[in-house]
$ cat final-v1.cif   # mmCIF, C-alpha atoms
data_start
loop_
_atom_site.label_atom_id
_atom_site.label_comp_id
_atom_site.auth_asym_id
_atom_site.auth_seq_id
_atom_site.Cartn_x
_atom_site.Cartn_y
_atom_site.Cartn_z
CA MET A 26 65.98 -12.33 -9.85
CA ASP A 27 66.50 -14.61 -6.83
CA GLY A 28 70.21 -15.36 -7.03
CA THR A 29 69.74 -19.06 -7.85
CA PHE A 30 71.20 -18.69 -11.31
CA GLY A 31 73.72 -15.94 -10.59
CA ASN A 32 73.57 -12.23 -11.22
CA SER A 33 70.80 -9.84 -12.21
CA TYR A 34 70.30 -8.71 -15.79
CA SER A 35 68.30 -6.01 -17.56
CA VAL A 36 66.61 -5.55 -20.93
CA GLU A 37 69.45 -3.26 -21.99
CA SER A 38 72.19 -5.72 -21.09
CA LEU A 39 70.40 -8.64 -22.75
CA ARG A 40 69.27 -6.89 -25.95
CA PRO A 41 72.49 -7.67 -27.88
CA VAL A 42 72.24 -11.31 -26.74
CA TYR A 43 68.64 -11.58 -27.94
CA ASP A 44 69.45 -9.94 -31.27
CA ALA A 45 72.42 -12.25 -31.86
CA ALA A 46 70.36 -15.34 -31.06
CA MET A 47 67.52 -14.38 -33.38
CA LYS A 48 69.96 -13.48 -36.16
CA ASN A 49 71.40 -16.99 -35.92
CA GLY A 50 68.06 -18.79 -35.87
CA LEU A 51 67.96 -19.51 -32.13
CA ASN A 52 64.36 -18.50 -31.61
CA LEU A 53 63.07 -20.73 -28.80
CA TRP A 54 62.92 -18.88 -25.47
CA ASP A 55 62.21 -20.72 -22.23
CA THR A 56 61.05 -18.93 -19.09
CA ALA A 57 58.55 -19.17 -16.21
CA PHE A 58 56.60 -16.91 -13.88
CA VAL A 59 58.56 -18.29 -10.93
CA TYR A 60 61.86 -17.08 -12.43
CA GLY A 61 62.05 -13.86 -10.49
CA MET A 62 58.30 -13.95 -9.85
CA GLY A 63 57.49 -12.46 -13.23
CA THR A 64 60.75 -10.59 -13.79
CA SER A 65 62.10 -13.01 -16.40
CA GLU A 66 58.85 -12.95 -18.36
CA LYS A 67 58.72 -9.14 -18.25
CA ILE A 68 62.27 -8.86 -19.60
CA LEU A 69 61.60 -11.40 -22.34
CA GLY A 70 58.36 -9.62 -23.16
CA GLU A 71 60.26 -6.40 -23.72
CA LEU A 72 62.88 -8.14 -25.86
CA ILE A 73 60.33 -9.79 -28.16
CA ARG A 74 57.98 -6.80 -28.37
CA ASP A 75 58.99 -5.78 -31.89
CA THR A 76 59.52 -9.31 -33.23
CA SER A 77 56.82 -11.05 -35.25
CA LYS A 78 55.37 -13.77 -33.02
CA ASP A 79 55.51 -16.14 -36.01
CA GLU A 80 59.29 -16.00 -35.72
CA LEU A 81 59.32 -17.07 -32.07
CA ILE A 82 58.73 -20.17 -29.98
CA ILE A 83 57.83 -19.14 -26.44
CA SER A 84 57.94 -21.62 -23.58
CA THR A 85 56.73 -20.79 -20.07
CA LYS A 86 55.38 -22.66 -17.07
CA PHE A 87 52.74 -23.17 -14.40
CA THR A 88 54.43 -23.74 -11.03
CA PRO A 89 52.17 -25.53 -8.51
CA GLN A 90 53.96 -23.93 -5.55
CA CYS A 91 52.60 -20.58 -6.76
CA ASP A 92 48.97 -21.78 -6.59
CA ASP A 93 46.78 -18.79 -5.71
CA GLY A 94 44.31 -20.98 -3.85
CA THR A 95 41.53 -20.81 -6.43
CA PRO A 96 40.17 -23.50 -8.79
CA GLU A 97 41.29 -21.27 -11.69
CA THR A 98 44.89 -20.96 -10.50
CA MET A 99 46.45 -22.27 -13.73
CA ARG A 100 44.32 -20.01 -15.90
CA HIS A 101 45.25 -17.05 -13.71
CA MET A 102 48.94 -17.86 -14.02
CA ILE A 103 48.93 -18.28 -17.78
CA ASP A 104 46.92 -15.06 -18.16
CA GLY A 105 49.61 -13.23 -16.19
CA SER A 106 52.35 -14.85 -18.23
CA LYS A 107 50.72 -13.89 -21.53
CA GLU A 108 50.31 -10.31 -20.35
CA ARG A 109 53.93 -10.00 -19.26
CA LEU A 110 55.18 -11.64 -22.45
CA GLY A 111 52.83 -9.69 -24.69
CA ILE A 112 51.50 -12.79 -26.45
CA ASP A 113 48.09 -14.38 -26.98
CA VAL A 114 49.21 -18.00 -27.33
CA VAL A 115 51.95 -19.90 -25.49
CA ASP A 116 53.80 -22.27 -27.81
CA VAL A 117 54.79 -24.70 -25.03
CA TYR A 118 53.19 -24.53 -21.58
CA TRP A 119 54.61 -26.72 -18.85
CA ILE A 120 53.41 -28.08 -15.55
CA HIS A 121 56.62 -27.20 -13.78
CA ASN A 122 56.72 -30.08 -11.30
CA PRO A 123 54.53 -32.97 -10.15
CA MET A 124 53.56 -31.62 -6.74
CA ASP A 125 50.05 -33.06 -7.23
CA VAL A 126 49.59 -34.81 -10.58
CA GLU A 127 45.94 -35.64 -9.90
CA LYS A 128 45.04 -32.06 -9.02
CA TYR A 129 46.97 -29.97 -11.52
CA THR A 130 47.20 -32.10 -14.66
CA PRO A 131 43.48 -31.78 -15.55
CA MET A 132 43.74 -27.98 -15.35
CA ILE A 133 45.89 -27.73 -18.46
CA ALA A 134 43.40 -29.51 -20.75
CA PRO A 135 40.92 -26.61 -21.14
CA LEU A 136 43.78 -24.19 -21.81
CA PHE A 137 44.98 -26.41 -24.66
CA LYS A 138 41.50 -27.05 -26.04
CA SER A 139 40.70 -23.32 -26.05
CA GLY A 140 43.78 -22.59 -28.17
CA GLN A 141 45.82 -20.77 -25.52
CA ILE A 142 48.53 -23.45 -25.69
CA ARG A 143 50.04 -25.12 -28.74
CA GLN A 144 51.91 -27.86 -26.88
CA VAL A 145 51.60 -29.36 -23.40
CA GLY A 146 54.80 -30.10 -21.49
CA LEU A 147 55.73 -31.73 -18.19
CA SER A 148 58.83 -30.71 -16.27
CA ASN A 149 60.63 -32.57 -13.47
CA HIS A 150 58.22 -35.50 -13.71
CA SER A 151 59.31 -39.11 -13.21
CA LEU A 152 58.41 -41.76 -15.76
CA ALA A 153 55.51 -42.98 -13.64
CA GLU A 154 54.23 -39.42 -13.24
CA ILE A 155 54.53 -38.79 -16.98
CA LYS A 156 52.49 -41.90 -17.73
CA ARG A 157 49.83 -40.96 -15.18
CA ALA A 158 49.57 -37.43 -16.58
CA GLU A 159 49.18 -38.92 -20.05
CA GLU A 160 46.31 -41.10 -18.84
CA ILE A 161 44.53 -38.09 -17.36
CA LEU A 162 44.99 -35.93 -20.46
CA ALA A 163 44.17 -38.68 -22.96
CA LYS A 164 40.62 -38.72 -21.62
CA GLU A 165 40.37 -35.10 -22.81
CA GLY A 166 42.00 -35.82 -26.15
CA VAL A 167 45.14 -33.92 -25.15
CA LYS A 168 48.66 -35.19 -25.89
CA VAL A 169 51.81 -34.53 -23.89
CA SER A 170 54.29 -33.21 -26.44
CA ALA A 171 57.38 -32.43 -24.40
CA ILE A 172 59.34 -33.30 -21.27
CA GLN A 173 61.81 -30.93 -19.60
CA ASN A 174 64.22 -32.27 -16.98
CA HIS A 175 67.65 -31.54 -15.56
CA PHE A 176 70.02 -33.53 -17.77
CA SER A 177 73.79 -33.31 -17.98
CA LEU A 178 76.92 -35.44 -17.83
CA LEU A 179 76.59 -35.17 -14.04
CA ASN A 180 72.87 -35.95 -13.93
CA ARG A 181 71.74 -38.68 -16.32
CA SER A 182 68.86 -39.96 -14.19
CA SER A 183 66.32 -39.17 -16.93
CA GLU A 184 68.25 -41.52 -19.22
CA LYS A 185 68.88 -44.27 -16.66
CA SER A 186 65.21 -44.26 -15.59
CA GLY A 187 64.00 -44.76 -19.16
CA ILE A 188 62.45 -41.31 -19.65
CA LEU A 189 64.69 -40.42 -22.56
CA GLU A 190 63.89 -43.63 -24.42
CA TYR A 191 60.18 -43.26 -23.61
CA CYS A 192 60.22 -39.79 -25.19
CA LYS A 193 61.84 -41.15 -28.35
CA GLN A 194 59.31 -43.97 -28.60
CA ASN A 195 56.35 -41.64 -28.09
CA LYS A 196 57.60 -38.72 -30.21
CA MET A 197 57.96 -36.31 -27.30
CA ASP A 198 60.62 -33.61 -27.38
CA PHE A 199 63.03 -33.84 -24.44
CA TYR A 200 64.27 -30.45 -23.27
CA ALA A 201 67.48 -30.72 -21.23
CA TYR A 202 68.04 -27.94 -18.74
CA MET A 203 71.22 -27.25 -16.75
CA VAL A 204 73.34 -29.09 -19.33
CA LEU A 205 76.32 -27.04 -18.15
CA GLU A 206 75.38 -27.33 -14.47
CA GLN A 207 75.07 -23.55 -14.22
CA GLY A 208 78.63 -23.13 -15.49
CA ALA A 209 80.35 -25.90 -13.53
CA LEU A 210 80.85 -27.72 -16.86
CA GLY A 211 81.76 -24.55 -18.70
CA GLY A 212 85.50 -24.47 -18.17
CA LYS A 213 85.57 -21.07 -16.48
CA TYR A 214 85.23 -22.23 -12.88
CA SER A 215 87.42 -24.71 -11.02
CA ALA A 216 88.62 -25.57 -7.53
CA SER A 217 91.24 -22.84 -7.87
CA ASN A 218 88.74 -20.40 -9.41
CA PRO A 219 85.42 -21.15 -7.67
CA PHE A 220 82.04 -19.52 -8.19
CA PRO A 221 81.85 -16.14 -6.45
CA ALA A 222 80.30 -16.51 -3.02
CA GLY A 223 76.74 -15.38 -2.48
CA SER A 224 74.68 -17.44 -4.90
CA ASP A 225 73.02 -20.82 -4.58
CA ARG A 226 75.18 -22.26 -7.34
CA ALA A 227 78.33 -21.31 -5.41
CA ASN A 228 77.03 -23.14 -2.35
CA THR A 229 76.15 -26.16 -4.47
CA TYR A 230 79.11 -26.58 -6.80
CA ASN A 231 82.14 -25.12 -5.00
CA PRO A 232 82.39 -28.02 -2.52
CA MET A 233 82.55 -30.52 -5.40
CA MET A 234 84.72 -28.59 -7.86
CA GLU A 235 87.83 -30.70 -7.28
CA LYS A 236 85.96 -33.75 -8.61
CA ILE A 237 84.26 -31.78 -11.38
CA ASP A 238 87.73 -30.61 -12.46
CA GLN A 239 88.55 -34.25 -13.25
CA LEU A 240 85.61 -34.45 -15.63
CA ASN A 241 86.39 -31.09 -17.21
CA LYS A 242 89.94 -32.28 -17.94
CA VAL A 243 88.56 -35.23 -19.89
CA ILE A 244 86.04 -33.04 -21.68
CA LYS A 245 88.88 -30.69 -22.64
CA VAL A 246 90.78 -33.57 -24.27
CA VAL A 247 87.73 -34.15 -26.47
CA ALA A 248 87.23 -30.41 -26.98
CA ASP A 249 90.77 -29.99 -28.28
CA LYS A 250 90.05 -32.51 -31.06
CA TYR A 251 87.25 -30.28 -32.32
CA ASN A 252 88.91 -26.94 -31.60
CA ALA A 253 85.99 -26.32 -29.26
CA SER A 254 85.38 -25.25 -25.68
CA ILE A 255 84.44 -27.45 -22.72
CA ALA A 256 80.97 -25.87 -22.73
CA GLN A 257 80.49 -26.69 -26.40
CA ILE A 258 81.38 -30.34 -25.89
CA ALA A 259 79.14 -30.72 -22.83
CA THR A 260 76.31 -29.26 -24.91
CA ALA A 261 77.15 -31.34 -27.98
CA TRP A 262 76.96 -34.41 -25.74
CA ALA A 263 73.36 -33.49 -24.81
CA ILE A 264 72.46 -32.96 -28.47
CA GLY A 265 74.04 -36.29 -29.32
CA LYS A 266 71.76 -37.95 -26.78
CA GLY A 267 68.76 -36.72 -28.76
CA THR A 268 67.80 -33.85 -26.47
CA LEU A 269 67.10 -30.17 -27.02
CA PRO A 270 69.43 -28.36 -24.61
CA ILE A 271 68.25 -25.12 -23.04
CA ILE A 272 71.29 -22.86 -22.90
CA GLY A 273 71.53 -19.97 -20.47
CA VAL A 274 73.09 -17.10 -22.39
CA THR A 275 74.02 -13.67 -21.03
CA LYS A 276 76.73 -12.76 -23.55
CA VAL A 277 76.85 -12.58 -27.34
CA SER A 278 79.91 -14.83 -27.31
CA GLN A 279 77.82 -17.57 -25.64
CA VAL A 280 75.27 -17.34 -28.44
CA GLU A 281 78.04 -17.65 -31.03
CA GLU A 282 79.42 -20.70 -29.20
CA ALA A 283 75.96 -22.29 -29.14
CA VAL A 284 75.60 -21.85 -32.90
CA LYS A 285 78.93 -23.55 -33.57
CA THR A 286 78.06 -26.41 -31.20
CA ALA A 287 75.36 -27.64 -33.56
CA SER A 288 78.03 -28.76 -36.05
CA ILE A 289 79.91 -30.95 -33.55
CA ASN A 290 79.16 -34.67 -33.89
CA LEU A 291 80.79 -36.66 -31.10
CA THR A 292 81.78 -40.29 -31.59
CA ALA A 293 80.35 -43.12 -29.51
CA ASP A 294 83.78 -43.64 -27.90
CA GLU A 295 84.03 -39.96 -26.91
CA ILE A 296 80.56 -40.04 -25.39
CA LYS A 297 81.38 -43.23 -23.47
CA LEU A 298 84.66 -41.79 -22.18
CA MET A 299 82.98 -38.71 -20.74
CA GLU A 300 80.04 -40.63 -19.29
CA ASN A 301 82.28 -43.21 -17.63
CA THR A 302 84.44 -40.47 -16.13
CA ALA A 303 81.39 -38.66 -14.77
CA ASP A 304 79.85 -41.82 -13.34
CA LYS A 305 83.03 -42.69 -11.43
CA LEU A 306 82.97 -39.35 -9.62
CA GLY A 307 79.84 -40.37 -7.72
CA LEU A 308 78.46 -36.82 -7.59
CA SER A 309 74.86 -35.72 -7.25
CA THR A 310 73.86 -32.35 -8.66
CA ILE A 311 70.16 -32.83 -8.06
CA ARG A 312 68.87 -29.56 -6.66
CA TYR A 313 66.39 -28.70 -3.94
CA TRP A 314 63.46 -28.32 -6.36
CA GLU A 315 63.92 -31.70 -8.06
CA LYS A 316 64.53 -35.38 -7.43
CA GLU A 317 66.40 -38.31 -8.89
CA MET A 318 64.34 -39.90 -11.64
CA LYS A 319 63.79 -43.59 -10.93
#
$ encode --input "final-v1.cif" --output "structure tokens"
Amino acid sequence: MDGTFGNSYSVESLRPVYDAAMKNGLNLWDTAFVYGMGTSEKILGELIRDTSKDELIISTKFTPQCDDGTPETMRHMIDGSKERLGIDVVDVYWIHNPMDVEKYTPMIAPLFKSGQIRQVGLSNHSLAEIKRAEEILAKEGVKVSAIQNHFSLLNRSSEKSGILEYCKQNKMDFYAYMVLEQGALGGKYSASNPFPAGSDRANTYNPMMEKIDQLNKVIKVVADKYNASIAQIATAWAIGKGTLPIIGVTKVSQVEEAVKTASINLTADEIKLMENTADKLGLSTIRYWEKEMK
């Protein structure tokens, strides 16, 4: 892929991970054409080839920056995604970012109305942009069913801006991505054991790892109470906030950890302790493709 999220992986290396996830009921798979310019979708397509589509929930995206310059650009992109994934219907199709809400939002309506999409989602949209997209789609009788934003202990702007509460009030699923900040909240990396040089996440997180270590120490105190890992507690926090965390898994052990995380119910005091610690660090992990939600 492009190095943003670390190393490269193959169908062969990911097959045991996929099998373990499906065996444990983790059947929602989130991808996008822009992840490796089709590579991620091709790999997922190979993994799900022999699985009944009724057993899967497939989520992929239209990325405005990949506009092919035609009025049918969104249809062209979803057609390519369906071909690579080997599916006829996309369970959740997202407008990946709000580069031009007025231009791109109307394009998703005919795809939904023709049955190519089961749910419409918006990713990286602010509250104002979500509401405007809803206005546009409501005229076509189309509902926004899901929101997907960067959300973690180090980036709670979707909560502070009111997006999370808006989703609850309007029965929209909130998908939280980068809950573990690409591993910075996983317990493996630290100031003394930084991310290996060469990837975008190393450039982003290594300079702030001394401060992130302070948060991880507090998370570990909570983790020890539950006989859990730092990654499990950071994920359990996101679940406790009413979100659906998207977990990046490349190992079977990570799948097994994710399954166990679902049984962890953090107390209000534990959540407050971790949030207060994170807020005092004054860090911003907002990446180049996104913005702070206000």
$ closest_atom_pairs --input "final-v1.cif" --of "range 175-290 of chain A" --to "range 138-150 of chain A" --cutoff "10 Å" --atoms "all atoms listed in the file" --output "JSON lines"
{"residue": "A:His175", "atom": "CA", "partner": "A:Asn149", "partner_atom": "CA", "distance": 7.4}
{"residue": "A:Ser183", "atom": "CA", "partner": "A:Asn149", "partner_atom": "CA", "distance": 9.4}
{"residue": "A:Ile188", "atom": "CA", "partner": "A:His150", "partner_atom": "CA", "distance": 9.3}
{"residue": "A:Met197", "atom": "CA", "partner": "A:Gly146", "partner_atom": "CA", "distance": 9.1}
{"residue": "A:Asp198", "atom": "CA", "partner": "A:Gly146", "partner_atom": "CA", "distance": 9.0}
{"residue": "A:Phe199", "atom": "CA", "partner": "A:Gly146", "partner_atom": "CA", "distance": 9.5}
{"residue": "A:Tyr200", "atom": "CA", "partner": "A:Ser148", "partner_atom": "CA", "distance": 8.9}
{"residue": "A:Ala201", "atom": "CA", "partner": "A:Ser148", "partner_atom": "CA", "distance": 10.0}
{"residue": "A:Tyr202", "atom": "CA", "partner": "A:Ser148", "partner_atom": "CA", "distance": 9.9}
$ closest_atom_pairs --input "final-v1.cif" --of "range 240-315 of chain A" --to "range 169-173 of chain A" --cutoff "12 Å" --atoms "all atoms listed in the file" --output "CSV"
residue,atom,partner,partner_atom,distance
A:Thr268,CA,A:Gln173,CA,9.6
A:Leu269,CA,A:Gln173,CA,9.1
A:Pro270,CA,A:Gln173,CA,9.5
A:Ile271,CA,A:Gln173,CA,9.3
A:Glu315,CA,A:Gln173,CA,11.8
$ resolve_selection --input "final-v1.cif" --expression "the PyMOL selection byres ((chain A and resi 85) around 7)" --output "compact mmCIF listing (two decimals) with C-alpha atoms, keeping the file's coordinate frame"
# COMPACT_ATOMS: atom_id res chain seq x y z
CA ASP A 55 62.21 -20.72 -22.23
CA THR A 56 61.05 -18.93 -19.09
CA ALA A 57 58.55 -19.17 -16.21
CA ILE A 83 57.83 -19.14 -26.44
CA SER A 84 57.94 -21.62 -23.58
CA LYS A 86 55.38 -22.66 -17.07
CA VAL A 117 54.79 -24.70 -25.03
CA TYR A 118 53.19 -24.53 -21.58
CA TRP A 119 54.61 -26.72 -18.85
$ residues_near_point --input "final-v1.cif" --point "(47.0, -17.6, -12.0)" --cutoff "12 Å" --atoms "all atoms listed in the file" --output "JSON, numbers by chain"
{"A": [58, 59, 63, 86, 87, 88, 89, 90, 91, 92, 93, 94, 95, 96, 97, 98, 99, 100, 101, 102, 103, 104, 105, 106, 107, 108, 132]}
$ closest_residue --input "final-v1.cif" --among "A:Glu190, A:His121, A:Pro221, A:Ser177" --to "Tyr60 in chain A" --atoms "only C-alpha atoms"
A:His121
$ resolve_selection --input "final-v1.cif" --expression "the PyMOL selection byres ((chain A and resi 234) around 8)" --output "PyMOL selection string"
chain A and resi 209+215-216+219+230-233+235-238
$ closest_residue --input "final-v1.cif" --among "A:Leu152, A:Met299, A:Leu39, A:Ile82" --to "Leu51 in chain A" --atoms "all atoms listed in the file"
A:Ile82
$ atom_distance --input "final-v1.cif" --atom1 "CA of Leu210 in chain A" --atom2 "CA of Asn241 in chain A"
6.5 Å
$ axis_aligned_box --input "final-v1.cif" --around "range 120-139 of chain A" --padding-each-side "8 Å" --output "AutoDock Vina command-line options"
--center_x 48.7 --center_y -29.5 --center_z -16.4 --size_x 32.0 --size_y 28.3 --size_z 35.3
$ resolve_selection --input "final-v1.cif" --expression "the PyMOL selection byres ((chain A and resi 153) around 12)" --output "PDB file with C-alpha atoms, keeping the file's coordinate frame"
ATOM      1  CA  PRO A 123      54.530 -32.970 -10.150  1.00  0.00           C
ATOM      2  CA  VAL A 126      49.590 -34.810 -10.580  1.00  0.00           C
ATOM      3  CA  ASN A 149      60.630 -32.570 -13.470  1.00  0.00           C
ATOM      4  CA  HIS A 150      58.220 -35.500 -13.710  1.00  0.00           C
ATOM      5  CA  SER A 151      59.310 -39.110 -13.210  1.00  0.00           C
ATOM      6  CA  LEU A 152      58.410 -41.760 -15.760  1.00  0.00           C
ATOM      7  CA  GLU A 154      54.230 -39.420 -13.240  1.00  0.00           C
ATOM      8  CA  ILE A 155      54.530 -38.790 -16.980  1.00  0.00           C
ATOM      9  CA  LYS A 156      52.490 -41.900 -17.730  1.00  0.00           C
ATOM     10  CA  ARG A 157      49.830 -40.960 -15.180  1.00  0.00           C
ATOM     11  CA  ALA A 158      49.570 -37.430 -16.580  1.00  0.00           C
ATOM     12  CA  GLU A 159      49.180 -38.920 -20.050  1.00  0.00           C
ATOM     13  CA  GLU A 160      46.310 -41.100 -18.840  1.00  0.00           C
ATOM     14  CA  SER A 183      66.320 -39.170 -16.930  1.00  0.00           C
ATOM     15  CA  SER A 186      65.210 -44.260 -15.590  1.00  0.00           C
ATOM     16  CA  GLY A 187      64.000 -44.760 -19.160  1.00  0.00           C
ATOM     17  CA  ILE A 188      62.450 -41.310 -19.650  1.00  0.00           C
ATOM     18  CA  TYR A 191      60.180 -43.260 -23.610  1.00  0.00           C
ATOM     19  CA  MET A 318      64.340 -39.900 -11.640  1.00  0.00           C
ATOM     20  CA  LYS A 319      63.790 -43.590 -10.930  1.00  0.00           C
TER      21      LYS A 319
END
$ decode --input "final-v1.cif" --residues "range 283-307 of chain A" --atoms "N, CA and C atoms" --output "PDB file, in the first residue's frame"
ATOM      1  N   ALA A 283      -9.451  -8.275  20.358  1.00  0.00           N
ATOM      2  CA  ALA A 283     -10.651  -7.495  20.033  1.00  0.00           C
ATOM      3  C   ALA A 283     -11.908  -8.197  20.554  1.00  0.00           C
ATOM      4  N   VAL A 284     -11.952  -9.497  20.438  1.00  0.00           N
ATOM      5  CA  VAL A 284     -13.111 -10.260  20.910  1.00  0.00           C
ATOM      6  C   VAL A 284     -13.274 -10.103  22.420  1.00  0.00           C
ATOM      7  N   LYS A 285     -12.175 -10.194  23.147  1.00  0.00           N
ATOM      8  CA  LYS A 285     -12.223 -10.079  24.604  1.00  0.00           C
ATOM      9  C   LYS A 285     -12.592  -8.660  25.047  1.00  0.00           C
ATOM     10  N   THR A 286     -12.239  -7.673  24.226  1.00  0.00           N
ATOM     11  CA  THR A 286     -12.506  -6.278  24.581  1.00  0.00           C
ATOM     12  C   THR A 286     -13.989  -6.007  24.765  1.00  0.00           C
ATOM     13  N   ALA A 287     -14.808  -6.712  24.005  1.00  0.00           N
ATOM     14  CA  ALA A 287     -16.257  -6.482  24.051  1.00  0.00           C
ATOM     15  C   ALA A 287     -16.853  -6.737  25.428  1.00  0.00           C
ATOM     16  N   SER A 288     -16.169  -7.492  26.274  1.00  0.00           N
ATOM     17  CA  SER A 288     -16.703  -7.820  27.600  1.00  0.00           C
ATOM     18  C   SER A 288     -16.220  -6.849  28.677  1.00  0.00           C
ATOM     19  N   ILE A 289     -15.415  -5.859  28.297  1.00  0.00           N
ATOM     20  CA  ILE A 289     -14.888  -4.894  29.274  1.00  0.00           C
ATOM     21  C   ILE A 289     -15.835  -3.703  29.378  1.00  0.00           C
ATOM     22  N   ASN A 290     -16.333  -3.449  30.556  1.00  0.00           N
ATOM     23  CA  ASN A 290     -17.223  -2.311  30.801  1.00  0.00           C
ATOM     24  C   ASN A 290     -16.540  -1.351  31.775  1.00  0.00           C
ATOM     25  N   LEU A 291     -16.014  -0.272  31.254  1.00  0.00           N
ATOM     26  CA  LEU A 291     -15.293   0.698  32.075  1.00  0.00           C
ATOM     27  C   LEU A 291     -16.258   1.529  32.922  1.00  0.00           C
ATOM     28  N   THR A 292     -15.791   1.957  34.084  1.00  0.00           N
ATOM     29  CA  THR A 292     -16.604   2.811  34.940  1.00  0.00           C
ATOM     30  C   THR A 292     -16.489   4.260  34.483  1.00  0.00           C
ATOM     31  N   ALA A 293     -17.429   5.081  34.923  1.00  0.00           N
ATOM     32  CA  ALA A 293     -17.406   6.504  34.579  1.00  0.00           C
ATOM     33  C   ALA A 293     -16.140   7.165  35.106  1.00  0.00           C
ATOM     34  N   ASP A 294     -15.681   6.760  36.287  1.00  0.00           N
ATOM     35  CA  ASP A 294     -14.469   7.341  36.870  1.00  0.00           C
ATOM     36  C   ASP A 294     -13.234   6.969  36.058  1.00  0.00           C
ATOM     37  N   GLU A 295     -13.183   5.738  35.567  1.00  0.00           N
ATOM     38  CA  GLU A 295     -12.041   5.309  34.747  1.00  0.00           C
ATOM     39  C   GLU A 295     -12.000   6.071  33.431  1.00  0.00           C
ATOM     40  N   ILE A 296     -13.164   6.256  32.834  1.00  0.00           N
ATOM     41  CA  ILE A 296     -13.248   7.005  31.585  1.00  0.00           C
ATOM     42  C   ILE A 296     -12.810   8.450  31.807  1.00  0.00           C
ATOM     43  N   LYS A 297     -13.276   9.053  32.882  1.00  0.00           N
ATOM     44  CA  LYS A 297     -12.923  10.435  33.186  1.00  0.00           C
ATOM     45  C   LYS A 297     -11.430  10.583  33.444  1.00  0.00           C
ATOM     46  N   LEU A 298     -10.846   9.646  34.155  1.00  0.00           N
ATOM     47  CA  LEU A 298      -9.409   9.674  34.447  1.00  0.00           C
ATOM     48  C   LEU A 298      -8.597   9.681  33.163  1.00  0.00           C
ATOM     49  N   MET A 299      -8.922   8.798  32.249  1.00  0.00           N
ATOM     50  CA  MET A 299      -8.159   8.719  30.997  1.00  0.00           C
ATOM     51  C   MET A 299      -8.375   9.947  30.117  1.00  0.00           C
ATOM     52  N   GLU A 300      -9.605  10.420  30.057  1.00  0.00           N
ATOM     53  CA  GLU A 300      -9.902  11.598  29.243  1.00  0.00           C
ATOM     54  C   GLU A 300      -9.210  12.842  29.794  1.00  0.00           C
ATOM     55  N   ASN A 301      -9.241  13.019  31.108  1.00  0.00           N
ATOM     56  CA  ASN A 301      -8.581  14.175  31.707  1.00  0.00           C
ATOM     57  C   ASN A 301      -7.075  14.146  31.478  1.00  0.00           C
ATOM     58  N   THR A 302      -6.499  12.959  31.587  1.00  0.00           N
ATOM     59  CA  THR A 302      -5.060  12.813  31.342  1.00  0.00           C
ATOM     60  C   THR A 302      -4.724  13.181  29.904  1.00  0.00           C
ATOM     61  N   ALA A 303      -5.519  12.676  28.971  1.00  0.00           N
ATOM     62  CA  ALA A 303      -5.274  12.953  27.554  1.00  0.00           C
ATOM     63  C   ALA A 303      -5.423  14.438  27.239  1.00  0.00           C
ATOM     64  N   ASP A 304      -6.461  15.047  27.800  1.00  0.00           N
ATOM     65  CA  ASP A 304      -6.709  16.465  27.529  1.00  0.00           C
ATOM     66  C   ASP A 304      -5.563  17.349  28.013  1.00  0.00           C
ATOM     67  N   LYS A 305      -4.975  17.003  29.148  1.00  0.00           N
ATOM     68  CA  LYS A 305      -3.888  17.808  29.715  1.00  0.00           C
ATOM     69  C   LYS A 305      -2.610  17.747  28.875  1.00  0.00           C
ATOM     70  N   LEU A 306      -2.481  16.745  28.046  1.00  0.00           N
ATOM     71  CA  LEU A 306      -1.273  16.615  27.218  1.00  0.00           C
ATOM     72  C   LEU A 306      -1.229  17.668  26.114  1.00  0.00           C
ATOM     73  N   GLY A 307      -2.398  18.141  25.696  1.00  0.00           N
ATOM     74  CA  GLY A 307      -2.448  19.181  24.676  1.00  0.00           C
ATOM     75  C   GLY A 307      -1.938  18.742  23.314  1.00  0.00           C
TER      76      GLY A 307
END
